[in-house]
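Written out below as structure tokens is the structure these notes cover.
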Amino acid sequence: MTGHPDVADRATAGFSCGYDATPAGRWAAPGRVNLIGEHTDYNDGFVLPFALPLRTVVAADPQPGERWTVRSEIADRPVDFGAAEADSPGRVTGWGGYVAGVVWALRGAGYAVPGARLAIASDVPLGSGLSSSAALEAAVLAALADLGGLDLPAERRPRLAQRAENGYVGAPTGIMDQSAVIRCRAGHALFLDCRDESVDHVPFDLDAAGLAILVIDSRAPHRHADGEYASRRAACERAADLLGVPALRDVPVADLDAALARLPDDETRRRVRHVVTENQRVLDTVALLRAGRVAEIGPLLTASHASMRDDFAITVPEVDTAVEAALAAGALGARMTGGGFGGCVLALVEAAAAEPVAAAVRSAYAERGFAAPDTLTAFPAPGAIRLP
Ligand code: GAF
């Protein structure tokens, strides 16, 4: 999972080979990890992701007419579509669907999207819960916006990229991933209020604190992740209805017990308890980071994991094993990050402990017969940019 150094060069080479031409430009967008605040975004709540140094790069130039041709280093053949396919959600499938989805979302919002030829290269692992799809959407969106001279400030881009994913690809995700990969800043975590999309860039200087974030790809196969995600979202919306609030964000943690008493069953109570307590954990984490007390966020990360495991029921044995092994090896805190049912775990560690903690997780995996996990030491990188 270490970033290949020349992903931008690979995108340029893919473009040159595929189209026998030089691209007009290159646009990059990163993967992300979420420090804390899981399944809170679609409940109008709070999240705290940061961008990774792993990036997706799109090399592109305009082409005449309403035609989009896309090559990817993971595919032998290009995907080619016109306005009719772009205007029919779901018509372009697979990785090309994210590109068509961006064209669809832009056209739906009234933008004159330029025809284009694109070539994609990426260091963001696919299907690991590090937002490879949001990175692709954001890089394509940036490329098309620049090529077409579209008036599209960064704050408006996450909603359009999310619309591509929700409306064209058909995944009912929230606004976190697209916001993270577009709006994050180097050296900072992004404190996002998902109700009004206001952000605060919270300094997150791991080096100065002598700390590191170890990201562990659990390599667990995603088990029914899409259906389970949608069912958690639906349960939260039903609970908000029952409580008579616009979203679960409107249940203050001080009123949690009273709210739980009004709910009809234990499963719904547990889902609500996760969301309400998780929002509070985000606020507490932000307060500690602002006070420079970085090491003290560890217990909040671990409490978040327990809440996802016991109340929201979105963890799997591989991620629980990684969290337990990291904590047993001295991590200050650890939690699954992302939508769940697989994906990655992050562990906050003393910098010198990153490798011993990774080794402890590998050995716990070997004991249980799980596929060896990949690891990466993460630091907060910038969001989407046009490359020079
Ligand atoms: C996935 C979704 F895409 C996000 O919107 C968010 O809900 C996350 O799962 C869970 O916090 O990454």
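A note on labels: chains of the structure tokens are A, B, ... as shown, every chain counts residues from 1, and ligands are counted from 1 in their shown order.
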
Show which residues sit within 12 Å of segment 76-82 of chain A, as a ChimeraX atom specification. Count only C-alpha atoms, and ignore same-chain residues fewer than 2 positions away. /A:14-15,18-19,63-74,84-88,91-101,103-104,113-120

Test item: residues lying within 9 Å of ligand 1 with only C-alpha atoms and all ligand atoms, as a ChimeraX atom specification: /A:34,36-43,47,129-131,133-134,162,165,171-178,229,233,337-340

Okay, now the selection with N, CA and C atoms, as a tab-separated table (two decimals), in the first residue's frame?
chain	number	residue	atom	x	y	z
A	34	ASN	N	-10.81	8.53	7.66
A	34	ASN	CA	-11.61	9.33	8.58
A	34	ASN	C	-11.07	9.10	9.98
A	36	ILE	N	-12.27	10.24	12.82
A	36	ILE	CA	-13.41	9.84	13.67
A	36	ILE	C	-14.69	10.48	13.12
A	37	GLY	N	-15.84	9.83	13.42
A	37	GLY	CA	-17.14	10.34	12.96
A	37	GLY	C	-17.65	9.43	11.85
A	38	GLU	N	-18.12	8.23	12.23
A	38	GLU	CA	-18.51	7.26	11.21
A	38	GLU	C	-20.02	7.11	11.17
A	39	HIS	N	-20.55	7.10	9.96
A	39	HIS	CA	-22.00	7.01	9.72
A	39	HIS	C	-22.73	8.19	10.38
A	40	THR	N	-22.02	9.28	10.52
A	40	THR	CA	-22.65	10.51	11.03
A	40	THR	C	-22.97	11.46	9.89
A	41	ASP	N	-22.31	11.30	8.73
A	41	ASP	CA	-22.48	12.32	7.67
A	41	ASP	C	-23.92	12.36	7.15
A	42	TYR	N	-24.52	11.20	6.89
A	42	TYR	CA	-25.89	11.23	6.37
A	42	TYR	C	-26.92	11.45	7.47
A	43	ASN	N	-26.46	11.62	8.71
A	43	ASN	CA	-27.34	12.03	9.80
A	43	ASN	C	-27.14	13.51	10.12
A	47	VAL	N	-17.90	15.04	11.04
A	47	VAL	CA	-16.86	14.08	10.66
A	47	VAL	C	-15.51	14.77	10.72
A	129	GLY	N	-11.84	0.91	1.27
A	129	GLY	CA	-12.49	1.89	2.13
A	129	GLY	C	-11.68	3.16	2.27
A	130	LEU	N	-10.78	3.44	1.33
A	130	LEU	CA	-9.98	4.68	1.38
A	130	LEU	C	-10.48	5.70	0.36
A	131	SER	N	-11.70	5.52	-0.11
A	131	SER	CA	-12.37	6.50	-1.00
A	131	SER	C	-11.75	6.59	-2.38
A	133	SER	N	-13.25	5.78	-5.01
A	133	SER	CA	-14.28	6.30	-5.93
A	133	SER	C	-14.41	7.81	-5.81
A	134	ALA	N	-14.34	8.34	-4.60
A	134	ALA	CA	-14.42	9.80	-4.44
A	134	ALA	C	-13.20	10.46	-5.06
A	162	GLN	N	-20.84	13.86	-5.02
A	162	GLN	CA	-21.72	12.95	-4.27
A	162	GLN	C	-22.94	12.58	-5.12
A	165	GLU	N	-22.25	9.83	-7.43
A	165	GLU	CA	-22.22	8.52	-6.78
A	165	GLU	C	-23.63	8.06	-6.39
A	171	ALA	N	-25.02	4.48	-5.30
A	171	ALA	CA	-24.58	4.17	-3.93
A	171	ALA	C	-25.05	5.31	-3.01
A	172	PRO	N	-25.84	4.99	-1.95
A	172	PRO	CA	-26.48	6.05	-1.16
A	172	PRO	C	-25.56	6.64	-0.08
A	173	THR	N	-24.37	7.08	-0.48
A	173	THR	CA	-23.39	7.56	0.50
A	173	THR	C	-23.69	8.99	0.93
A	174	GLY	N	-23.03	9.40	2.02
A	174	GLY	CA	-23.14	10.78	2.50
A	174	GLY	C	-22.12	11.68	1.80
A	175	ILE	N	-21.85	12.82	2.45
A	175	ILE	CA	-21.02	13.87	1.81
A	175	ILE	C	-19.56	13.84	2.27
A	176	MET	N	-19.24	12.94	3.22
A	176	MET	CA	-17.90	13.00	3.81
A	176	MET	C	-16.76	12.80	2.81
A	177	ASP	N	-16.82	11.70	2.05
A	177	ASP	CA	-15.64	11.32	1.26
A	177	ASP	C	-15.32	12.37	0.21
A	178	GLN	N	-16.34	12.83	-0.49
A	178	GLN	CA	-16.11	13.83	-1.54
A	178	GLN	C	-15.61	15.13	-0.93
A	229	TYR	N	-24.98	-1.00	4.32
A	229	TYR	CA	-24.85	0.46	4.44
A	229	TYR	C	-26.22	1.10	4.26
A	233	ARG	N	-28.50	3.28	7.00
A	233	ARG	CA	-28.97	4.63	6.70
A	233	ARG	C	-30.50	4.71	6.87
A	337	THR	N	-12.03	2.54	10.09
A	337	THR	CA	-12.36	3.81	9.45
A	337	THR	C	-13.13	3.53	8.18
A	338	GLY	N	-14.15	4.34	7.88
A	338	GLY	CA	-14.93	4.13	6.65
A	338	GLY	C	-16.24	3.42	6.92
A	339	GLY	N	-16.87	3.00	5.85
A	339	GLY	CA	-18.24	2.51	5.92
A	339	GLY	C	-18.43	1.19	6.66
A	340	GLY	N	-17.40	0.35	6.71
A	340	GLY	CA	-17.51	-0.88	7.49
A	340	GLY	C	-17.59	-2.14	6.67

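Here the question is which of A:Asp310, A:Glu137, A:Asp205, A:Asp6 gets nearest to Leu54 of chain A using only C-alpha atoms, and that residue is A:Asp6.
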
Gap from atom CA of Asp257 of chain A to atom CA of Arg269 of chain A - Å, one decimal: 9.6 Å

Separation of atom CA of Phe46 of chain A from atom CA of Val181 of chain A in Å: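 Answer for the atom CA of Val181 of chain A to atom CA of Phe46 of chain A separation: 16.1 Å.
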
Top pick for closest residue to His201 of chain A, considering A:Ala326, A:Val286, A:Ala142, A:Ile216 and counting only C-alpha atoms: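 Once distances to His201 of chain A are computed over only C-alpha atoms, the minimum belongs to A:Val286.
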
As a ChimeraX atom specification, please: every residue in segment 157-347 of chain A that a backbone DSSP assignment puts in helix (DSSP H, G or I). /A:157-169,176-183,225-243,248-250,253-261,266-290,294-310,317-328

Need the shell around Arg249 of chain A: protein/DNA/RNA residues with any atom at most 9 Å away, counting only C-alpha atoms. Skip same-chain ones fewer than 4 positions apart. Format as a list of chain:residue names? A:Thr40, A:Asn43, A:Asp44, A:Gly45, A:Phe46, A:Arg195, A:Ala240, A:Val245, A:Val275, A:Val276, A:Asn279

What is the distance between atom CA of Gly148 of chain A and atom CA of Ser122 of chain A, in Å to one decimal? 23.4 Å

Report as a list in words all protein, DNA and RNA residues lying within 8 Å of Leu243 of chain A, evaluated on only C-alpha atoms, omitting residues in the same chain fewer than 2 positions from it. Ala239, Ala240, Asp241, Val245, Ala259, Arg262 and Leu263 of chain A

So that I have them on file, write out the residues from the current selection with all heavy atoms, as a PDB file, in the first residue's frame.
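Contents of selection.pdb, as written:
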ATOM      1  N   ALA A 239     -35.552   6.216  12.603  1.00  0.00           N
ATOM      2  CA  ALA A 239     -35.455   6.614  14.015  1.00  0.00           C
ATOM      3  C   ALA A 239     -35.661   8.123  14.166  1.00  0.00           C
ATOM      4  O   ALA A 239     -36.345   8.573  15.099  1.00  0.00           O
ATOM      5  CB  ALA A 239     -34.091   6.197  14.573  1.00  0.00           C
ATOM      6  N   ALA A 240     -35.086   8.906  13.249  1.00  0.00           N
ATOM      7  CA  ALA A 240     -35.268  10.364  13.324  1.00  0.00           C
ATOM      8  C   ALA A 240     -36.746  10.713  13.186  1.00  0.00           C
ATOM      9  O   ALA A 240     -37.272  11.563  13.922  1.00  0.00           O
ATOM     10  CB  ALA A 240     -34.436  11.050  12.231  1.00  0.00           C
ATOM     11  N   ASP A 241     -37.434  10.009  12.276  1.00  0.00           N
ATOM     12  CA  ASP A 241     -38.886  10.221  12.109  1.00  0.00           C
ATOM     13  C   ASP A 241     -39.626   9.935  13.404  1.00  0.00           C
ATOM     14  O   ASP A 241     -40.474  10.705  13.848  1.00  0.00           O
ATOM     15  CB  ASP A 241     -39.440   9.273  11.039  1.00  0.00           C
ATOM     16  CG  ASP A 241     -39.333   9.874   9.659  1.00  0.00           C
ATOM     17  OD1 ASP A 241     -38.911  11.046   9.561  1.00  0.00           O
ATOM     18  OD2 ASP A 241     -39.655   9.157   8.688  1.00  0.00           O
ATOM     19  N   VAL A 245     -37.466  14.466  14.786  1.00  0.00           N
ATOM     20  CA  VAL A 245     -36.391  15.434  14.508  1.00  0.00           C
ATOM     21  C   VAL A 245     -35.998  15.307  13.037  1.00  0.00           C
ATOM     22  O   VAL A 245     -36.170  14.243  12.432  1.00  0.00           O
ATOM     23  CB  VAL A 245     -35.145  15.192  15.403  1.00  0.00           C
ATOM     24  CG1 VAL A 245     -35.426  15.561  16.842  1.00  0.00           C
ATOM     25  CG2 VAL A 245     -34.643  13.748  15.288  1.00  0.00           C
ATOM     26  N   ALA A 259     -34.403   9.999  24.639  1.00  0.00           N
ATOM     27  CA  ALA A 259     -34.710   9.626  23.245  1.00  0.00           C
ATOM     28  C   ALA A 259     -34.775   8.111  23.119  1.00  0.00           C
ATOM     29  O   ALA A 259     -35.705   7.571  22.495  1.00  0.00           O
ATOM     30  CB  ALA A 259     -33.649  10.203  22.304  1.00  0.00           C
ATOM     31  N   ARG A 262     -37.929   6.360  24.001  1.00  0.00           N
ATOM     32  CA  ARG A 262     -39.087   6.516  23.100  1.00  0.00           C
ATOM     33  C   ARG A 262     -39.015   5.606  21.883  1.00  0.00           C
ATOM     34  O   ARG A 262     -39.912   5.631  21.033  1.00  0.00           O
ATOM     35  CB  ARG A 262     -39.184   7.980  22.641  1.00  0.00           C
ATOM     36  CG  ARG A 262     -39.508   8.924  23.808  1.00  0.00           C
ATOM     37  CD  ARG A 262     -39.383  10.376  23.394  1.00  0.00           C
ATOM     38  NE  ARG A 262     -40.130  10.668  22.191  1.00  0.00           N
ATOM     39  CZ  ARG A 262     -39.826  11.633  21.324  1.00  0.00           C
ATOM     40  NH1 ARG A 262     -38.764  12.371  21.543  1.00  0.00           N
ATOM     41  NH2 ARG A 262     -40.582  11.841  20.263  1.00  0.00           N
ATOM     42  N   LEU A 263     -37.959   4.813  21.771  1.00  0.00           N
ATOM     43  CA  LEU A 263     -37.788   3.981  20.579  1.00  0.00           C
ATOM     44  C   LEU A 263     -38.300   2.560  20.827  1.00  0.00           C
ATOM     45  O   LEU A 263     -38.219   2.053  21.949  1.00  0.00           O
ATOM     46  CB  LEU A 263     -36.309   3.968  20.165  1.00  0.00           C
ATOM     47  CG  LEU A 263     -35.832   5.332  19.652  1.00  0.00           C
ATOM     48  CD1 LEU A 263     -34.313   5.355  19.501  1.00  0.00           C
ATOM     49  CD2 LEU A 263     -36.517   5.700  18.330  1.00  0.00           C
TER      50      LEU A 263
END
